[in-house]
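Engineer: I'd like to ask some things about the structure below.
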Amino acid sequence: MASQDHSDGAEEKRCSALTESHGVSGSKASSSDDIDAIRQNGTKEEEPETLRRTTTRDKCARVSKDLKRTTSNVISHVASRITTRTWPEPPPPPDGGMKAWTQVATGWLVIFTTWGWVNSFGTFQTYYTTVLPESPSTISWIGSVQIWFCLIVGVLSGRLLDAGLFLPTFLTGAVIQILGIFLMSISNAYWSLMLTQGVLTGIGSGIFFTPSLALVATYFQKRRGLAIGLTTTGNSAGGIIYPLVARQLIPTLGFAWTARVLAFINLACLSIAFAFMRPRLPPRRSGPIIDFSAFRELAYVGVVAGIFATSMANYFTFYYIASFGREALGLSYSSASIMVILINGAGILFRVIPPIIADRVGPINVMFPVTLAWAIVAFCWLAVDSIPGLYVFTCFYGICCGSFQCLVATAVTSITKRLDTVGTRLGMAFGISSFAALTGPPIGGAIQAACGGKFTGAQAWAAIMGFIGFLCFGIVRVHMAGWNPKVRI
């Protein structure tokens, strides 16, 4: 019995040990299964987190790329306002053909209605002196303001040609100019004439003048001088026709209807120009309104300085030549008005000959001797003391003036490397010279008043300014080609 009990106890211990061993083993297996389940659950929980992290990294990368792209676009946009290096080169000009010469013909109408109109102010200067209680110097401010706006507005409107906005620009300017002339017809006081003839017609003319002249230049290269020269003959033609109309109609129809007739003339001419003038180059949407890099070029600075100096002398002479005939030599209003017609008409032929020569030898090579001759003729005004002498002086001054003015746009274009910046740089040149046109006649008038009404001091000042202009073009000539006369510039 004892052995049996002992045997049973041993058996129970073995069973207990097996049970415990099985329990431990089961527990280990269960623990292992639990760990695997936890790992699986952890992996499942980590998968969305990893996906979110990956998505976040992708988004950050995209944002970074977009930021870089945006920054690059901003830098490129800013650079396009500063430099012209990235612009594609425009196509070469046709240099002839029906469309190109049509632009010359319509450009002639534009110059006729802008600078022909402006240059005829001497006739109105003489008339206003007789009907307004203002001094000649004060009255000359009307013409000076008109020229100033005509030139200074070109700083902005020239860029509009490059941007492909020629037609709306032209239409806006034409409407403003013609409206100004119609309102001028109902003006009978100094302030109203200043607002209408001075401000409105000046702004309107400036809006479409510079883009139109620059447009003609883009159609030509080898014949550019001839094309611009033919176009600028409209200046002389207008300087003849407007004074003739005013001279004939003011005594018969009166000032109001004379002004309306002149407005209808401009309406007809500008309607034709608007119908046929079309830009050639593709639009250049980006780019500076003012190309400051031009002022780092001595040639451009010298040419603009020369234009500035000669403009001060030129517009004083144009505005006061009739007054000189009337006050110093005793001419009547009708006879004095002939001086305005003569000084404009004498230069018609010489607005064509110098450009033809310039196409062969270069515009700067022609402007250099032209400004010298112009300065010499200006000094000769000091010796004029008779009516025949005044006629001779007026003719030669008109010839020199016409020879110079027809080369201004060609000279600026010739020192501009890119045709699609001609509008901008030409507008800049005209804008700077506008201050000379604004101040030249009043300064000359003030000098005349300071000399007791005598013209001697003002004449000497105008001649000196012309000589300074000659020196400026001489510096440009030597800078670009040295002392070699055979170099074409």
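By convention in this document, the chains of the structure tokens carry letters A, B, ... by their order, each chain's residues are numbered from 1, and ligands are numbered from 1 in the order they are shown.
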Identify, on the basis of only C-alpha atoms, every residue whose closest approach to Ser386 of chain A does not exceed 12 Å; exclude the query and any residue fewer than 2 positions from it along the same chain; express the result as JSON, numbers by chain.

Structural biologist: {"A": [324, 325, 326, 328, 329, 330, 331, 381, 382, 383, 384, 388, 389, 390, 391, 392, 393]}

Engineer: Taking only C-alpha atoms into account, which of A:Lys99, A:Arg477, A:Arg247, A:Lys417 comes nearest Met367 of chain A?

Structural biologist: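 Closest candidate: A:Arg477.
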
Engineer: When you count only C-alpha atoms, which of these residues is closest to Trp115 of chain A: A:Gly234, A:Pro92, A:Pro168, A:Pro136?

Structural biologist: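 Looking at the shortest contact to Trp115 of chain A, the residue is A:Gly234.
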
Engineer: Would you please give, as a PyMOL selection string, all residues of segment 193-387 of chain A that DSSP assigns to helix (DSSP H, G or I) based on the backbone?

Structural biologist: chain A and resi 193-217+224-253+255-276+292-296+298-327+333-345+349-351+353-361+363-383+387

Engineer: So that I have them on file, write out the residues from the current selection with C-alpha atoms, as a compact mmCIF listing (two decimals), in the first residue's frame.

Structural biologist:
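Writing done, so here's part.txt:
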```txt
# COMPACT_ATOMS: atom_id res chain seq x y z
CA LEU A 193 -5.91 129.30 -74.59
CA MET A 194 -3.26 127.84 -72.30
CA LEU A 195 -5.56 124.95 -71.36
CA THR A 196 -6.82 124.24 -74.88
CA GLN A 197 -4.04 125.08 -77.33
CA GLY A 198 -1.24 124.59 -74.82
CA VAL A 199 -2.26 121.61 -72.69
CA LEU A 200 -4.92 119.61 -74.58
CA THR A 201 -3.44 119.81 -78.09
CA GLY A 202 0.04 119.22 -76.66
CA ILE A 203 -0.97 116.09 -74.75
CA GLY A 204 -2.97 114.73 -77.68
CA SER A 205 -0.14 115.29 -80.15
CA GLY A 206 2.40 113.73 -77.80
CA ILE A 207 0.33 110.58 -77.35
CA PHE A 208 0.46 109.60 -81.03
CA PHE A 209 3.47 111.50 -82.43
CA THR A 210 6.34 109.48 -80.93
CA PRO A 211 4.81 106.01 -81.60
CA SER A 212 4.03 107.01 -85.19
CA LEU A 213 7.53 108.24 -85.97
CA ALA A 214 9.10 105.20 -84.28
CA LEU A 215 6.76 102.91 -86.24
CA VAL A 216 8.02 104.31 -89.55
CA ALA A 217 11.63 103.73 -88.43
CA ARG A 224 15.76 104.67 -92.90
CA GLY A 225 17.22 108.15 -93.32
CA LEU A 226 15.30 108.74 -96.54
CA ALA A 227 12.07 107.38 -95.05
CA ILE A 228 12.31 109.55 -91.93
CA GLY A 229 13.36 112.55 -94.03
CA LEU A 230 10.33 112.22 -96.30
CA THR A 231 8.11 111.80 -93.27
CA THR A 232 9.41 114.95 -91.59
CA THR A 233 8.68 117.08 -94.65
CA GLY A 234 5.18 117.10 -93.19
CA ASN A 235 6.66 119.40 -90.57
CA SER A 236 7.52 122.04 -93.15
CA ALA A 237 4.29 121.54 -95.09
CA GLY A 238 2.23 122.06 -91.96
CA GLY A 239 4.36 125.06 -91.04
CA ILE A 240 3.35 126.58 -94.38
CA ILE A 241 -0.33 125.61 -94.62
CA TYR A 242 -1.47 126.39 -91.07
CA PRO A 243 -0.05 129.95 -91.08
CA LEU A 244 -1.48 130.54 -94.58
CA VAL A 245 -4.93 129.41 -93.46
CA ALA A 246 -4.71 131.52 -90.29
CA ARG A 247 -3.38 134.53 -92.21
CA GLN A 248 -6.20 134.40 -94.75
CA LEU A 249 -9.15 133.41 -92.55
CA ILE A 250 -8.63 135.33 -89.30
CA PRO A 251 -9.28 138.75 -90.95
CA THR A 252 -12.38 137.40 -92.77
CA LEU A 253 -13.94 134.61 -90.67
CA PHE A 255 -10.40 133.52 -84.89
CA ALA A 256 -13.14 131.07 -83.81
CA TRP A 257 -14.03 129.71 -87.25
CA THR A 258 -10.40 129.74 -88.33
CA ALA A 259 -9.60 127.40 -85.45
CA ARG A 260 -12.53 125.15 -86.42
CA VAL A 261 -11.31 124.94 -90.01
CA LEU A 262 -7.88 123.89 -88.73
CA ALA A 263 -9.52 121.27 -86.52
CA PHE A 264 -11.38 119.76 -89.49
CA ILE A 265 -8.11 119.63 -91.44
CA ASN A 266 -6.54 117.62 -88.63
CA LEU A 267 -9.59 115.38 -88.36
CA ALA A 268 -9.36 114.42 -92.05
CA CYS A 269 -5.58 113.81 -91.96
CA LEU A 270 -5.61 111.76 -88.76
CA SER A 271 -8.55 109.63 -89.94
CA ILE A 272 -6.52 108.56 -92.98
CA ALA A 273 -3.46 107.86 -90.84
CA PHE A 274 -5.47 105.77 -88.38
CA ALA A 275 -6.92 103.71 -91.24
CA PHE A 276 -3.55 102.71 -92.72
CA PHE A 292 18.23 103.64 -67.79
CA SER A 293 21.00 101.63 -69.45
CA ALA A 294 20.92 104.21 -72.26
CA PHE A 295 22.37 106.82 -69.91
CA ARG A 296 25.48 104.69 -69.52
CA LEU A 298 28.12 108.25 -74.08
CA ALA A 299 26.78 108.28 -77.64
CA TYR A 300 23.16 108.39 -76.48
CA VAL A 301 23.86 111.02 -73.82
CA GLY A 302 25.76 113.18 -76.31
CA VAL A 303 23.05 112.99 -78.97
CA VAL A 304 20.31 113.85 -76.46
CA ALA A 305 22.37 116.74 -75.06
CA GLY A 306 22.89 118.07 -78.58
CA ILE A 307 19.17 117.88 -79.31
CA PHE A 308 18.44 119.63 -76.01
CA ALA A 309 20.77 122.57 -76.67
CA THR A 310 19.65 123.15 -80.25
CA SER A 311 15.97 122.88 -79.27
CA MET A 312 16.29 125.81 -76.86
CA ALA A 313 17.62 128.01 -79.65
CA ASN A 314 15.35 126.65 -82.36
CA TYR A 315 11.97 127.23 -80.75
CA PHE A 316 12.89 130.70 -79.55
CA THR A 317 13.72 131.63 -83.14
CA PHE A 318 10.58 130.03 -84.57
CA TYR A 319 8.32 131.80 -82.09
CA TYR A 320 9.98 135.20 -82.21
CA ILE A 321 10.99 135.58 -85.85
CA ALA A 322 7.64 137.16 -86.74
CA SER A 323 7.68 139.33 -83.63
CA PHE A 324 11.21 140.46 -84.51
CA GLY A 325 10.02 141.53 -87.97
CA ARG A 326 7.12 143.44 -86.53
CA GLU A 327 8.80 145.06 -83.52
CA TYR A 333 0.94 141.35 -89.14
CA SER A 334 0.45 139.80 -92.59
CA SER A 335 4.03 140.47 -93.66
CA ALA A 336 5.44 139.23 -90.35
CA SER A 337 3.41 136.01 -90.69
CA ILE A 338 5.24 135.32 -93.95
CA MET A 339 8.42 134.83 -91.88
CA VAL A 340 6.80 131.85 -90.15
CA ILE A 341 5.80 130.39 -93.50
CA LEU A 342 9.26 130.99 -94.94
CA ILE A 343 11.23 129.52 -92.05
CA ASN A 344 9.16 126.33 -92.31
CA GLY A 345 8.96 126.13 -96.10
CA LEU A 349 13.91 120.10 -99.85
CA PHE A 350 16.63 119.87 -97.21
CA ARG A 351 14.56 117.45 -95.18
CA ILE A 353 18.77 115.58 -99.17
CA PRO A 354 20.61 115.14 -95.81
CA PRO A 355 18.84 111.83 -95.07
CA ILE A 356 19.92 110.46 -98.45
CA ILE A 357 23.50 111.39 -97.60
CA ALA A 358 23.06 109.99 -94.08
CA ASP A 359 22.06 106.59 -95.51
CA ARG A 360 25.49 106.47 -97.15
CA VAL A 361 27.81 108.02 -94.56
CA PRO A 363 23.48 110.26 -89.57
CA ILE A 364 26.02 111.42 -86.96
CA ASN A 365 28.51 112.27 -89.73
CA VAL A 366 25.85 114.51 -91.30
CA MET A 367 24.56 116.11 -88.10
CA PHE A 368 28.06 117.20 -87.11
CA PRO A 369 28.54 119.69 -90.00
CA VAL A 370 24.83 120.59 -90.09
CA THR A 371 24.90 121.83 -86.48
CA LEU A 372 28.05 123.83 -87.21
CA ALA A 373 26.36 125.56 -90.18
CA TRP A 374 23.25 126.11 -88.05
CA ALA A 375 25.26 127.82 -85.29
CA ILE A 376 27.00 130.08 -87.80
CA VAL A 377 23.65 131.12 -89.33
CA ALA A 378 22.26 131.77 -85.84
CA PHE A 379 25.10 134.19 -85.11
CA CYS A 380 24.29 135.99 -88.37
CA TRP A 381 20.89 137.00 -86.91
CA LEU A 382 22.80 139.59 -84.86
CA ALA A 383 23.66 141.42 -88.08
CA ILE A 387 13.78 143.47 -94.29
```

Engineer: Given only C-alpha atoms as the basis, pick out the residue of A:Ile415, A:Met277, A:Cys150, A:Ala436 nearest to Phe170 of chain A.

Structural biologist: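 Using only C-alpha atoms, the shortest distance to Phe170 of chain A belongs to A:Met277.
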
Engineer: Within 8 Å of Leu281 of chain A, counting only C-alpha atoms, which residues show up once you throw out same-chain ones fewer than 2 positions away? Write them as a PyMOL selection string, please.

Structural biologist: chain A and resi 90-91+162+218+279+283+420

Engineer: Find the residue from A:Ser135, A:Gln103, A:Asn484, A:Asn119 that sits nearest to Ala449 of chain A; use only C-alpha atoms when measuring.

Structural biologist: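 Of all the options, A:Ser135 lies closest to Ala449 of chain A.
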
Engineer: Which is closer to Val104 of chain A than all the others in A:Gly469, A:Val175, A:Phe220, A:Cys406, using only C-alpha atoms?

Structural biologist: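 Residue with the minimum atom-to-atom distance to Val104 of chain A: A:Phe220.
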
Engineer: To one decimal place, how far is atom CA of Ser137 of chain A from atom CA of Pro442 of chain A in Å?

Structural biologist: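 Going from atom CA of Ser137 of chain A over to atom CA of Pro442 of chain A, I get 5.3 Å.
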
Engineer: I need the residue nearest Gly158 of chain A from this list: A:Gly423, A:Gly440, A:Pro93, A:Pro485. Use only C-alpha atoms for the distance.

Structural biologist: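 Closest to Gly158 of chain A, using only C-alpha atoms: A:Gly423.
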
Engineer: Between atom CA of Leu161 of chain A and atom CA of Thr106 of chain A, what is the distance in Å, rounded to a tenth?

Structural biologist: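 For atom CA of Leu161 of chain A relative to atom CA of Thr106 of chain A, the distance reads 16.0 Å.
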
Engineer: Could you pull the residues within 8 Å of Ile399 of chain A, counting only C-alpha atoms, minus those fewer than 4 positions along the same chain, as a PyMOL selection string?

Structural biologist: chain A and resi 343+346-348+350+395+403
